[in-house]
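Participant: My structure is stored as upload.cif, with mmCIF, C-alpha atoms; chains and numbers go by the auth columns.
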data_upload
loop_
_atom_site.group_PDB
_atom_site.id
_atom_site.type_symbol
_atom_site.label_atom_id
_atom_site.label_comp_id
_atom_site.label_asym_id
_atom_site.label_seq_id
_atom_site.Cartn_x
_atom_site.Cartn_y
_atom_site.Cartn_z
_atom_site.B_iso_or_equiv
_atom_site.auth_seq_id
_atom_site.auth_asym_id
ATOM 1 C CA ALA A 1 128.941 140.009 60.604 0.00 1 A
ATOM 2 C CA LEU A 2 129.061 140.435 64.391 0.00 2 A
ATOM 3 C CA CYS A 3 125.339 141.142 64.592 0.00 3 A
ATOM 4 C CA GLU A 4 124.589 138.162 62.362 0.00 4 A
ATOM 5 C CA THR A 5 126.595 135.935 64.696 0.00 5 A
ATOM 6 C CA LEU A 6 124.819 137.319 67.745 0.00 6 A
ATOM 7 C CA ARG A 7 121.433 136.652 66.194 0.00 7 A
ATOM 8 C CA ALA A 8 122.302 133.152 65.003 0.00 8 A
ATOM 9 C CA THR A 9 124.187 131.663 67.935 0.00 9 A
ATOM 10 C CA SER A 10 122.436 129.308 70.312 0.00 10 A
ATOM 11 C CA LEU A 11 125.338 129.493 72.791 0.00 11 A
ATOM 12 C CA PRO A 12 125.001 132.050 75.603 0.00 12 A
ATOM 13 C CA ASP A 13 128.791 132.251 76.106 0.00 13 A
ATOM 14 C CA THR A 14 129.339 133.123 72.451 0.00 14 A
ATOM 15 C CA ALA A 15 126.639 135.796 72.629 0.00 15 A
ATOM 16 C CA GLU A 16 128.191 137.276 75.771 0.00 16 A
ATOM 17 C CA ASP A 17 131.633 137.502 74.186 0.00 17 A
ATOM 18 C CA GLY A 18 130.120 139.060 71.090 0.00 18 A
ATOM 19 C CA LEU A 19 128.263 141.679 73.126 0.00 19 A
ATOM 20 C CA ASP A 20 131.436 142.601 74.983 0.00 20 A
ATOM 21 C CA ALA A 21 133.106 143.168 71.623 0.00 21 A
ATOM 22 C CA LEU A 22 130.103 145.137 70.382 0.00 22 A
ATOM 23 C CA GLN A 23 130.206 147.437 73.403 0.00 23 A
ATOM 24 C CA THR A 24 133.877 148.190 72.741 0.00 24 A
ATOM 25 C CA VAL A 25 133.088 149.002 69.117 0.00 25 A
ATOM 26 C CA LEU A 26 130.179 151.258 70.112 0.00 26 A
ATOM 27 C CA GLU A 27 132.301 153.143 72.630 0.00 27 A
ATOM 28 C CA GLU A 28 135.170 153.684 70.209 0.00 28 A
ATOM 29 C CA LEU A 29 133.495 153.939 66.812 0.00 29 A
ATOM 30 C CA GLY A 30 129.787 154.361 67.468 0.00 30 A
ATOM 31 C CA GLN A 31 129.747 157.989 66.333 0.00 31 A
ATOM 32 C CA SER A 32 130.822 156.905 62.850 0.00 32 A
ATOM 33 C CA PHE A 33 128.043 154.332 62.434 0.00 33 A
ATOM 34 C CA SER A 34 125.548 154.910 59.641 0.00 34 A
ATOM 35 C CA GLU A 35 121.834 155.023 60.430 0.00 35 A
ATOM 36 C CA THR A 36 121.479 151.549 58.935 0.00 36 A
ATOM 37 C CA ASP A 37 124.316 150.219 61.110 0.00 37 A
ATOM 38 C CA VAL A 38 122.722 151.636 64.261 0.00 38 A
ATOM 39 C CA ARG A 39 119.360 150.175 63.342 0.00 39 A
ATOM 40 C CA THR A 40 120.924 146.752 62.763 0.00 40 A
ATOM 41 C CA VAL A 41 122.620 146.854 66.167 0.00 41 A
ATOM 42 C CA ILE A 42 119.438 147.920 67.965 0.00 42 A
ATOM 43 C CA ASP A 43 117.353 145.228 66.268 0.00 43 A
ATOM 44 C CA THR A 44 119.964 142.654 67.295 0.00 44 A
ATOM 45 C CA LEU A 45 119.847 143.808 70.916 0.00 45 A
ATOM 46 C CA ALA A 46 116.061 143.465 70.902 0.00 46 A
ATOM 47 C CA VAL A 47 116.414 139.849 69.768 0.00 47 A
ATOM 48 C CA LEU A 48 118.838 139.209 72.639 0.00 48 A
ATOM 49 C CA SER A 49 116.523 140.748 75.246 0.00 49 A
ATOM 50 C CA GLY A 50 115.111 137.353 76.109 0.00 50 A
ATOM 51 C CA GLY A 51 111.553 138.290 75.322 0.00 51 A
ATOM 52 C CA ASP A 52 109.113 136.055 73.523 0.00 52 A
ATOM 53 C CA ASP A 53 109.838 137.293 69.995 0.00 53 A
ATOM 54 C CA GLY A 54 109.184 134.041 68.178 0.00 54 A
ATOM 55 C CA ASP A 55 112.851 133.668 67.223 0.00 55 A
ATOM 56 C CA ALA A 56 114.193 130.215 66.445 0.00 56 A
ATOM 57 C CA VAL A 57 116.527 130.412 69.468 0.00 57 A
ATOM 58 C CA ASP A 58 114.796 130.369 72.857 0.00 58 A
ATOM 59 C CA ARG A 59 116.596 132.953 75.007 0.00 59 A
ATOM 60 C CA SER A 60 114.140 133.016 77.885 0.00 60 A
ATOM 61 C CA SER A 61 115.974 130.431 80.002 0.00 61 A
ATOM 62 C CA ARG A 62 118.158 131.274 82.983 0.00 62 A
ATOM 63 C CA GLN A 63 121.324 130.597 80.970 0.00 63 A
ATOM 64 C CA TRP A 64 120.584 133.661 78.826 0.00 64 A
ATOM 65 C CA SER A 65 120.133 136.071 81.745 0.00 65 A
ATOM 66 C CA ALA A 66 123.679 137.468 81.552 0.00 66 A
ATOM 67 C CA VAL A 67 123.315 137.906 77.802 0.00 67 A
ATOM 68 C CA SER A 68 120.151 139.948 78.285 0.00 68 A
ATOM 69 C CA SER A 69 121.911 142.107 80.878 0.00 69 A
ATOM 70 C CA SER A 70 124.875 142.721 78.575 0.00 70 A
ATOM 71 C CA ALA A 71 122.590 143.506 75.624 0.00 71 A
ATOM 72 C CA PHE A 72 120.733 146.018 77.771 0.00 72 A
ATOM 73 C CA GLN A 73 123.966 147.785 78.673 0.00 73 A
ATOM 74 C CA ASN A 74 124.624 148.189 74.956 0.00 74 A
ATOM 75 C CA LEU A 75 121.107 149.581 74.461 0.00 75 A
ATOM 76 C CA LYS A 76 121.606 152.098 77.257 0.00 76 A
ATOM 77 C CA LEU A 77 124.781 153.274 75.567 0.00 77 A
ATOM 78 C CA ILE A 78 122.945 153.866 72.284 0.00 78 A
ATOM 79 C CA HIS A 79 119.947 155.402 74.063 0.00 79 A
ATOM 80 C CA ASP A 80 122.074 157.876 76.020 0.00 80 A
ATOM 81 C CA ASP A 81 124.080 158.839 72.938 0.00 81 A
ATOM 82 C CA PHE A 82 120.843 159.405 71.026 0.00 82 A
ATOM 83 C CA LEU A 83 119.442 161.648 73.779 0.00 83 A
ATOM 84 C CA GLU A 84 122.611 163.739 73.766 0.00 84 A
ATOM 85 C CA SER A 85 122.916 163.958 69.980 0.00 85 A
ATOM 86 C CA ASP A 86 121.219 166.300 67.522 0.00 86 A
ATOM 87 C CA SER A 87 119.882 163.358 65.555 0.00 87 A
ATOM 88 C CA ASN A 88 116.241 163.498 64.502 0.00 88 A
ATOM 89 C CA SER A 89 116.334 160.100 62.827 0.00 89 A
ATOM 90 C CA GLU A 90 112.859 158.596 63.079 0.00 90 A
ATOM 91 C CA SER A 91 114.255 155.211 62.100 0.00 91 A
ATOM 92 C CA THR A 92 116.717 155.174 64.997 0.00 92 A
ATOM 93 C CA ARG A 93 114.146 156.562 67.408 0.00 93 A
ATOM 94 C CA ASP A 94 111.550 153.945 66.476 0.00 94 A
ATOM 95 C CA ALA A 95 114.116 151.157 66.783 0.00 95 A
ATOM 96 C CA ILE A 96 115.123 152.315 70.267 0.00 96 A
ATOM 97 C CA ILE A 97 111.472 152.567 71.325 0.00 97 A
ATOM 98 C CA ASP A 98 110.754 149.027 70.148 0.00 98 A
ATOM 99 C CA CYS A 99 113.938 147.750 71.795 0.00 99 A
ATOM 100 C CA CYS A 100 112.925 149.362 75.101 0.00 100 A
ATOM 101 C CA LEU A 101 109.598 147.562 74.789 0.00 101 A
ATOM 102 C CA ALA A 102 111.396 144.256 74.194 0.00 102 A
ATOM 103 C CA PHE A 103 113.439 144.679 77.370 0.00 103 A
ATOM 104 C CA GLY A 104 110.382 145.900 79.264 0.00 104 A
ATOM 105 C CA LYS A 105 108.599 142.656 78.395 0.00 105 A
ATOM 106 C CA ALA A 106 111.628 140.407 78.941 0.00 106 A
ATOM 107 C CA ARG A 107 111.556 138.473 82.219 0.00 107 A
ATOM 108 C CA HIS A 108 115.204 137.958 83.064 0.00 108 A
ATOM 109 C CA ASP A 109 115.475 140.871 85.492 0.00 109 A
ATOM 110 C CA ILE A 110 112.731 143.057 86.929 0.00 110 A
ATOM 111 C CA ASN A 111 115.036 146.062 87.300 0.00 111 A
ATOM 112 C CA THR A 112 115.917 145.911 83.610 0.00 112 A
ATOM 113 C CA SER A 113 112.227 145.990 82.732 0.00 113 A
ATOM 114 C CA LEU A 114 111.608 148.965 85.018 0.00 114 A
ATOM 115 C CA THR A 115 114.613 150.858 83.661 0.00 115 A
ATOM 116 C CA ALA A 116 113.519 150.202 80.070 0.00 116 A
ATOM 117 C CA THR A 117 110.114 151.660 80.928 0.00 117 A
ATOM 118 C CA GLY A 118 111.759 154.828 82.231 0.00 118 A
ATOM 119 C CA MET A 119 113.849 155.065 79.066 0.00 119 A
ATOM 120 C CA LEU A 120 110.653 155.297 77.035 0.00 120 A
ATOM 121 C CA TRP A 121 109.645 158.384 78.986 0.00 121 A
ATOM 122 C CA SER A 122 113.089 159.911 78.375 0.00 122 A
ATOM 123 C CA LEU A 123 112.618 159.555 74.626 0.00 123 A
ATOM 124 C CA ALA A 124 109.259 161.344 74.713 0.00 124 A
ATOM 125 C CA ASP A 125 110.687 164.060 76.925 0.00 125 A
ATOM 126 C CA ARG A 126 113.589 164.625 74.492 0.00 126 A
ATOM 127 C CA ASP A 127 111.328 164.784 71.448 0.00 127 A
ATOM 128 C CA PRO A 128 107.724 165.667 72.369 0.00 128 A
ATOM 129 C CA SER A 129 106.571 165.519 68.761 0.00 129 A
ATOM 130 C CA ARG A 130 103.293 163.763 68.149 0.00 130 A
ATOM 131 C CA SER A 131 104.865 160.787 66.389 0.00 131 A
ATOM 132 C CA THR A 132 107.298 160.142 69.249 0.00 132 A
ATOM 133 C CA VAL A 133 104.769 160.637 72.043 0.00 133 A
ATOM 134 C CA ASP A 134 102.158 158.465 70.332 0.00 134 A
ATOM 135 C CA ALA A 135 104.732 155.697 69.829 0.00 135 A
ATOM 136 C CA VAL A 136 105.882 155.872 73.451 0.00 136 A
ATOM 137 C CA LEU A 137 102.337 155.883 74.838 0.00 137 A
ATOM 138 C CA SER A 138 101.486 152.893 72.655 0.00 138 A
ATOM 139 C CA ARG A 139 104.426 150.880 74.039 0.00 139 A
ATOM 140 C CA LEU A 140 103.688 151.923 77.623 0.00 140 A
ATOM 141 C CA ALA A 141 100.070 150.855 77.149 0.00 141 A
ATOM 142 C CA GLU A 142 101.314 147.462 75.991 0.00 142 A
ATOM 143 C CA LEU A 143 103.441 147.122 79.128 0.00 143 A
ATOM 144 C CA THR A 144 100.410 147.831 81.328 0.00 144 A
ATOM 145 C CA ARG A 145 99.255 144.329 80.330 0.00 145 A
ATOM 146 C CA ASP A 146 102.294 142.701 81.911 0.00 146 A
ATOM 147 C CA GLY A 147 101.655 139.890 84.361 0.00 147 A
ATOM 148 C CA ARG A 148 104.228 141.328 86.774 0.00 148 A
ATOM 149 C CA ALA A 149 102.619 143.927 89.019 0.00 149 A
ATOM 150 C CA GLU A 150 105.816 145.973 89.354 0.00 150 A
ATOM 151 C CA VAL A 151 106.226 146.406 85.601 0.00 151 A
ATOM 152 C CA ARG A 152 102.516 146.979 85.091 0.00 152 A
ATOM 153 C CA ASN A 153 102.274 149.642 87.782 0.00 153 A
ATOM 154 C CA CYS A 154 105.470 151.375 86.692 0.00 154 A
ATOM 155 C CA SER A 155 104.117 151.539 83.143 0.00 155 A
ATOM 156 C CA VAL A 156 100.802 152.976 84.316 0.00 156 A
ATOM 157 C CA ASN A 157 102.515 155.671 86.385 0.00 157 A
ATOM 158 C CA THR A 158 104.963 156.495 83.593 0.00 158 A
ATOM 159 C CA LEU A 159 102.214 156.725 80.996 0.00 159 A
ATOM 160 C CA PHE A 160 100.125 159.152 83.026 0.00 160 A
ATOM 161 C CA SER A 161 103.169 161.224 83.974 0.00 161 A
ATOM 162 C CA CYS A 162 103.981 161.449 80.278 0.00 162 A
ATOM 163 C CA VAL A 163 100.467 162.614 79.429 0.00 163 A
ATOM 164 C CA VAL A 164 100.345 165.148 82.272 0.00 164 A
ATOM 165 C CA GLY A 165 103.800 166.475 81.413 0.00 165 A
ATOM 166 C CA LEU A 166 103.328 166.700 77.661 0.00 166 A
ATOM 167 C CA GLY A 167 99.561 166.958 77.267 0.00 167 A
ATOM 168 C CA GLY A 168 99.729 170.706 76.825 0.00 168 A
ATOM 169 C CA ARG A 169 101.083 170.043 73.326 0.00 169 A
ATOM 170 C CA PHE A 170 98.328 167.601 72.323 0.00 170 A
ATOM 171 C CA VAL A 171 95.899 168.498 69.551 0.00 171 A
ATOM 172 C CA ASP A 172 92.198 167.641 70.011 0.00 172 A
ATOM 173 C CA GLU A 173 92.442 164.466 67.918 0.00 173 A
ATOM 174 C CA GLN A 174 95.404 163.279 69.959 0.00 174 A
ATOM 175 C CA TRP A 175 93.504 163.843 73.203 0.00 175 A
ATOM 176 C CA CYS A 176 90.537 161.915 71.833 0.00 176 A
ATOM 177 C CA VAL A 177 92.660 158.897 70.909 0.00 177 A
ATOM 178 C CA CYS A 178 94.619 159.100 74.153 0.00 178 A
ATOM 179 C CA LEU A 179 91.533 159.167 76.349 0.00 179 A
ATOM 180 C CA ARG A 180 89.271 156.810 74.408 0.00 180 A
ATOM 181 C CA ASP A 181 91.714 154.207 73.158 0.00 181 A
ATOM 182 C CA THR A 182 94.732 154.397 75.450 0.00 182 A
ATOM 183 C CA MET A 183 93.549 155.346 78.940 0.00 183 A
ATOM 184 C CA PHE A 184 90.066 153.853 78.932 0.00 184 A
ATOM 185 C CA GLY A 185 91.394 150.936 76.896 0.00 185 A
ATOM 186 C CA ILE A 186 93.875 150.207 79.694 0.00 186 A
ATOM 187 C CA LEU A 187 91.132 150.513 82.308 0.00 187 A
ATOM 188 C CA ASP A 188 88.922 148.126 80.335 0.00 188 A
ATOM 189 C CA ARG A 189 91.673 145.499 80.027 0.00 189 A
ATOM 190 C CA ILE A 190 92.473 145.721 83.729 0.00 190 A
ATOM 191 C CA THR A 191 88.809 145.381 84.660 0.00 191 A
ATOM 192 C CA ARG A 192 88.584 142.266 82.487 0.00 192 A
ATOM 193 C CA ALA A 193 91.721 140.867 84.112 0.00 193 A
ATOM 194 C CA ILE A 194 90.136 141.342 87.542 0.00 194 A
ATOM 195 C CA ASN A 195 86.928 139.654 86.377 0.00 195 A
ATOM 196 C CA ASP A 196 88.999 136.796 84.947 0.00 196 A
ATOM 197 C CA GLY A 197 90.606 136.162 88.318 0.00 197 A
ATOM 198 C CA GLY A 198 93.885 137.994 87.747 0.00 198 A
ATOM 199 C CA ALA A 199 94.849 136.763 84.299 0.00 199 A
ATOM 200 C CA ASP A 200 96.756 139.166 82.069 0.00 200 A
ATOM 201 C CA SER A 201 95.561 140.237 78.628 0.00 201 A
ATOM 202 C CA ASP A 202 96.889 136.984 77.137 0.00 202 A
ATOM 203 C CA GLY A 203 94.908 134.902 79.587 0.00 203 A
ATOM 204 C CA LYS A 204 97.876 133.992 81.786 0.00 204 A
ATOM 205 C CA SER A 205 97.784 134.174 85.543 0.00 205 A
ATOM 206 C CA ASN A 206 100.481 136.192 87.292 0.00 206 A
ATOM 207 C CA ALA A 207 102.134 132.967 88.377 0.00 207 A
ATOM 208 C CA ALA A 208 102.053 131.523 84.880 0.00 208 A
ATOM 209 C CA ALA A 209 103.366 134.756 83.411 0.00 209 A
ATOM 210 C CA ALA A 210 106.198 134.717 85.914 0.00 210 A
ATOM 211 C CA GLY A 211 107.327 131.294 84.810 0.00 211 A
ATOM 212 C CA ASP A 212 109.802 130.355 87.555 0.00 212 A
ATOM 213 C CA ASP A 213 111.271 131.425 90.879 0.00 213 A
ATOM 214 C CA ARG A 214 113.351 134.211 89.329 0.00 214 A
ATOM 215 C CA TYR A 215 110.252 136.329 88.893 0.00 215 A
ATOM 216 C CA LYS A 216 108.574 135.713 92.218 0.00 216 A
ATOM 217 C CA VAL A 217 108.547 138.628 94.639 0.00 217 A
ATOM 218 C CA ASN A 218 107.378 138.881 98.181 0.00 218 A
ATOM 219 C CA VAL A 219 104.192 140.895 98.502 0.00 219 A
ATOM 220 C CA HIS A 220 102.175 142.030 101.491 0.00 220 A
ATOM 221 C CA HIS A 221 99.660 139.412 102.591 0.00 221 A
ATOM 222 C CA SER A 222 96.738 141.714 101.716 0.00 222 A
ATOM 223 C CA ARG A 223 97.929 141.815 98.092 0.00 223 A
ATOM 224 C CA ASN A 224 99.016 138.227 97.693 0.00 224 A
ATOM 225 C CA SER A 225 96.454 137.283 95.074 0.00 225 A
ATOM 226 C CA ALA A 226 96.591 138.094 91.385 0.00 226 A
ATOM 227 C CA THR A 227 93.146 139.676 91.526 0.00 227 A
ATOM 228 C CA LYS A 228 94.143 142.020 94.338 0.00 228 A
ATOM 229 C CA GLN A 229 97.294 143.019 92.490 0.00 229 A
ATOM 230 C CA TRP A 230 95.290 143.860 89.378 0.00 230 A
ATOM 231 C CA ALA A 231 92.842 145.785 91.555 0.00 231 A
ATOM 232 C CA ALA A 232 95.758 147.826 92.911 0.00 232 A
ATOM 233 C CA THR A 233 96.749 148.606 89.322 0.00 233 A
ATOM 234 C CA GLN A 234 93.172 149.660 88.607 0.00 234 A
ATOM 235 C CA VAL A 235 93.397 152.160 91.470 0.00 235 A
ATOM 236 C CA LEU A 236 96.565 153.607 89.935 0.00 236 A
ATOM 237 C CA VAL A 237 94.792 154.026 86.596 0.00 237 A
ATOM 238 C CA LEU A 238 91.848 155.795 88.226 0.00 238 A
ATOM 239 C CA LYS A 239 94.215 158.103 90.092 0.00 239 A
ATOM 240 C CA GLY A 240 96.033 158.759 86.831 0.00 240 A
ATOM 241 C CA LEU A 241 92.768 159.629 85.097 0.00 241 A
ATOM 242 C CA GLU A 242 91.991 162.025 87.939 0.00 242 A
ATOM 243 C CA ARG A 243 95.348 163.751 87.415 0.00 243 A
ATOM 244 C CA VAL A 244 94.712 164.111 83.690 0.00 244 A
ATOM 245 C CA LEU A 245 91.110 165.281 83.936 0.00 245 A
ATOM 246 C CA ARG A 246 91.651 167.657 86.837 0.00 246 A
#
As C-alpha cells, what does this structure read like?

Facilitator:
Amino acid sequence: ALCETLRATSLPDTAEDGLDALQTVLEELGQSFSETDVRTVIDTLAVLSGGDDGDAVDRSSRQWSAVSSSAFQNLKLIHDDFLESDSNSESTRDAIIDCCLAFGKARHDINTSLTATGMLWSLADRDPSRSTVDAVLSRLAELTRDGRAEVRNCSVNTLFSCVVGLGGRFVDEQWCVCLRDTMFGILDRITRAINDGGADSDGKSNAAAAGDDRYKVNVHHSRNSATKQWAATQVLVLKGLERVLR
C-alpha cells in the first residue's frame, strides 16, 4: 500500500513523508522482505528518481528534487544490503541495476547520477557472472549518451575499468559483442554527436539536455562548447580502448 501511494501521489511532500517511512521499515524489517516485496520497492524508487520514465506524474521539476534524493538513499540501503548478503536473486539484481540506471539518467543532482554509476560497477564486481556483467555494461553504455559531460565521462571510465578488471573472465563471444557492439558502438555514437554539433544520441544539445540552471556547471573556456565536450569524451573512449587492447 505504501509503494502504491508513493507511485500515485502527485504531491512531493506526501512522497517525502512516505519515503521516510519506507526507510524506517527497510532498516527495521528489510531482512524479512520477500523477493517480490524487494522488487516492488526498487521499482517504486526508480519511478521516484525523477527521470523521464513516461509516468503520468512529472517528477522532473525542482519541487521533486528532495524526493529523488530521499529515494536514492533508500536505494543505497537496498544496494548495500544486497552486496553484503548471500543472495543470488537475479530478479533483485536486475531491478537494482535498472534502478541505478534510472538515477544515473535523472537530472536532479549530478552527484547522485555519478554515485549511481559507481554502484553499477560494484554490482559487477560482486557478481562477475556473464549475465550481471553484460547487464551492467549495457546500462553504462546507455549512460555514455548522457548530455551531461560529467555523467558521460564517468560512465565511459567506469565501463572500461569494468572491462579491464573483469575481462579475464570473458568468453570469446562476450569479447566480440563487447568490442563490436559496446565499445565501438559508443565511439560511433560519440563521433556522430560531434558531427551533429554536440547533440546527444536523442538529438538534444547539452544545454537542452540540461534543462535549467540546476544542471549548468562551470567549465574551462577551452571546453565551453558542446562539441568540445563530446570530443573530450571521445578521447576518453580512445584511451579506454587502448587500455583494453594493450

Participant: Can you tell me, as a ChimeraX atom specification, what residues are no more than 9 Å from Leu22 in chain A when counting all atoms listed in the file, ignoring any on the same chain fewer than 5 positions away?

Facilitator: /A:2-3,17,27,41,74

Participant: Mind checking which residues fall within 12 Å of Gly185 in chain A, counting only C-alpha atoms, ignoring those fewer than 6 positions away in the same chain, and posting them as JSON, numbers by chain?

Facilitator: {"A": [138, 141, 142, 144, 145, 177, 178, 179, 191, 192, 201, 234, 237]}

Participant: Calculated over all atoms listed in the file, which of the candidates A:Gln229, A:Ser87, A:Gln23, A:Ser49 has the smallest distance to Glu150 in chain A?

Facilitator: A:Gln229

Participant: Which polymer residues, whether protein, DNA or RNA, lie within 12 Å of the coordinate (114.7, 143.8, 75.8) when you count only C-alpha atoms? List them as a ChimeraX atom specification, using the chain letters and numbers from the file.

Facilitator: /A:42-53,59-60,65,67-76,95-117,119

Participant: Emit the selected residues as a PDB file, keeping the file's coordinate frame, including C-alpha atoms.

Facilitator:
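Wrote it out as result23.pdb, contents follow:
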ATOM      1  CA  ILE A  42     119.438 147.920  67.965  1.00  0.00           C
ATOM      2  CA  ASP A  43     117.353 145.228  66.268  1.00  0.00           C
ATOM      3  CA  THR A  44     119.964 142.654  67.295  1.00  0.00           C
ATOM      4  CA  LEU A  45     119.847 143.808  70.916  1.00  0.00           C
ATOM      5  CA  ALA A  46     116.061 143.465  70.902  1.00  0.00           C
ATOM      6  CA  VAL A  47     116.414 139.849  69.768  1.00  0.00           C
ATOM      7  CA  LEU A  48     118.838 139.209  72.639  1.00  0.00           C
ATOM      8  CA  SER A  49     116.523 140.748  75.246  1.00  0.00           C
ATOM      9  CA  GLY A  50     115.111 137.353  76.109  1.00  0.00           C
ATOM     10  CA  GLY A  51     111.553 138.290  75.322  1.00  0.00           C
ATOM     11  CA  ASP A  52     109.113 136.055  73.523  1.00  0.00           C
ATOM     12  CA  ASP A  53     109.838 137.293  69.995  1.00  0.00           C
ATOM     13  CA  ARG A  59     116.596 132.953  75.007  1.00  0.00           C
ATOM     14  CA  SER A  60     114.140 133.016  77.885  1.00  0.00           C
ATOM     15  CA  SER A  65     120.133 136.071  81.745  1.00  0.00           C
ATOM     16  CA  VAL A  67     123.315 137.906  77.802  1.00  0.00           C
ATOM     17  CA  SER A  68     120.151 139.948  78.285  1.00  0.00           C
ATOM     18  CA  SER A  69     121.911 142.107  80.878  1.00  0.00           C
ATOM     19  CA  SER A  70     124.875 142.721  78.575  1.00  0.00           C
ATOM     20  CA  ALA A  71     122.590 143.506  75.624  1.00  0.00           C
ATOM     21  CA  PHE A  72     120.733 146.018  77.771  1.00  0.00           C
ATOM     22  CA  GLN A  73     123.966 147.785  78.673  1.00  0.00           C
ATOM     23  CA  ASN A  74     124.624 148.189  74.956  1.00  0.00           C
ATOM     24  CA  LEU A  75     121.107 149.581  74.461  1.00  0.00           C
ATOM     25  CA  LYS A  76     121.606 152.098  77.257  1.00  0.00           C
ATOM     26  CA  ALA A  95     114.116 151.157  66.783  1.00  0.00           C
ATOM     27  CA  ILE A  96     115.123 152.315  70.267  1.00  0.00           C
ATOM     28  CA  ILE A  97     111.472 152.567  71.325  1.00  0.00           C
ATOM     29  CA  ASP A  98     110.754 149.027  70.148  1.00  0.00           C
ATOM     30  CA  CYS A  99     113.938 147.750  71.795  1.00  0.00           C
ATOM     31  CA  CYS A 100     112.925 149.362  75.101  1.00  0.00           C
ATOM     32  CA  LEU A 101     109.598 147.562  74.789  1.00  0.00           C
ATOM     33  CA  ALA A 102     111.396 144.256  74.194  1.00  0.00           C
ATOM     34  CA  PHE A 103     113.439 144.679  77.370  1.00  0.00           C
ATOM     35  CA  GLY A 104     110.382 145.900  79.264  1.00  0.00           C
ATOM     36  CA  LYS A 105     108.599 142.656  78.395  1.00  0.00           C
ATOM     37  CA  ALA A 106     111.628 140.407  78.941  1.00  0.00           C
ATOM     38  CA  ARG A 107     111.556 138.473  82.219  1.00  0.00           C
ATOM     39  CA  HIS A 108     115.204 137.958  83.064  1.00  0.00           C
ATOM     40  CA  ASP A 109     115.475 140.871  85.492  1.00  0.00           C
ATOM     41  CA  ILE A 110     112.731 143.057  86.929  1.00  0.00           C
ATOM     42  CA  ASN A 111     115.036 146.062  87.300  1.00  0.00           C
ATOM     43  CA  THR A 112     115.917 145.911  83.610  1.00  0.00           C
ATOM     44  CA  SER A 113     112.227 145.990  82.732  1.00  0.00           C
ATOM     45  CA  LEU A 114     111.608 148.965  85.018  1.00  0.00           C
ATOM     46  CA  THR A 115     114.613 150.858  83.661  1.00  0.00           C
ATOM     47  CA  ALA A 116     113.519 150.202  80.070  1.00  0.00           C
ATOM     48  CA  THR A 117     110.114 151.660  80.928  1.00  0.00           C
ATOM     49  CA  MET A 119     113.849 155.065  79.066  1.00  0.00           C
TER      50      MET A 119
END

Participant: What does the distance between CA of Ser129 in chain A and CA of Asn88 in chain A come to in Å, to one decimal place?

Facilitator: 10.8 Å

Participant: Give me, please, the distance in Å between CA of Gly165 in chain A and CA of Leu120 in chain A, quoted to one decimal.

Facilitator: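 Going from CA of Gly165 in chain A over to CA of Leu120 in chain A, I get 13.8 Å.
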
Participant: Hey, which of A:Glu16, A:Glu242, A:Glu173, A:Asp146 ends up closest to Trp64 in chain A? Count only C-alpha atoms.

Facilitator: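 Among the listed residues, A:Glu16 lies closest to Trp64 in chain A.
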
Participant: Nearest to Leu245 in chain A among A:Thr227, A:Asp86, A:Gly167, A:Ala135, with distances taken over all atoms listed in the file: which residue is it?

Facilitator: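 For Leu245 in chain A, the nearest of the candidates is A:Gly167.
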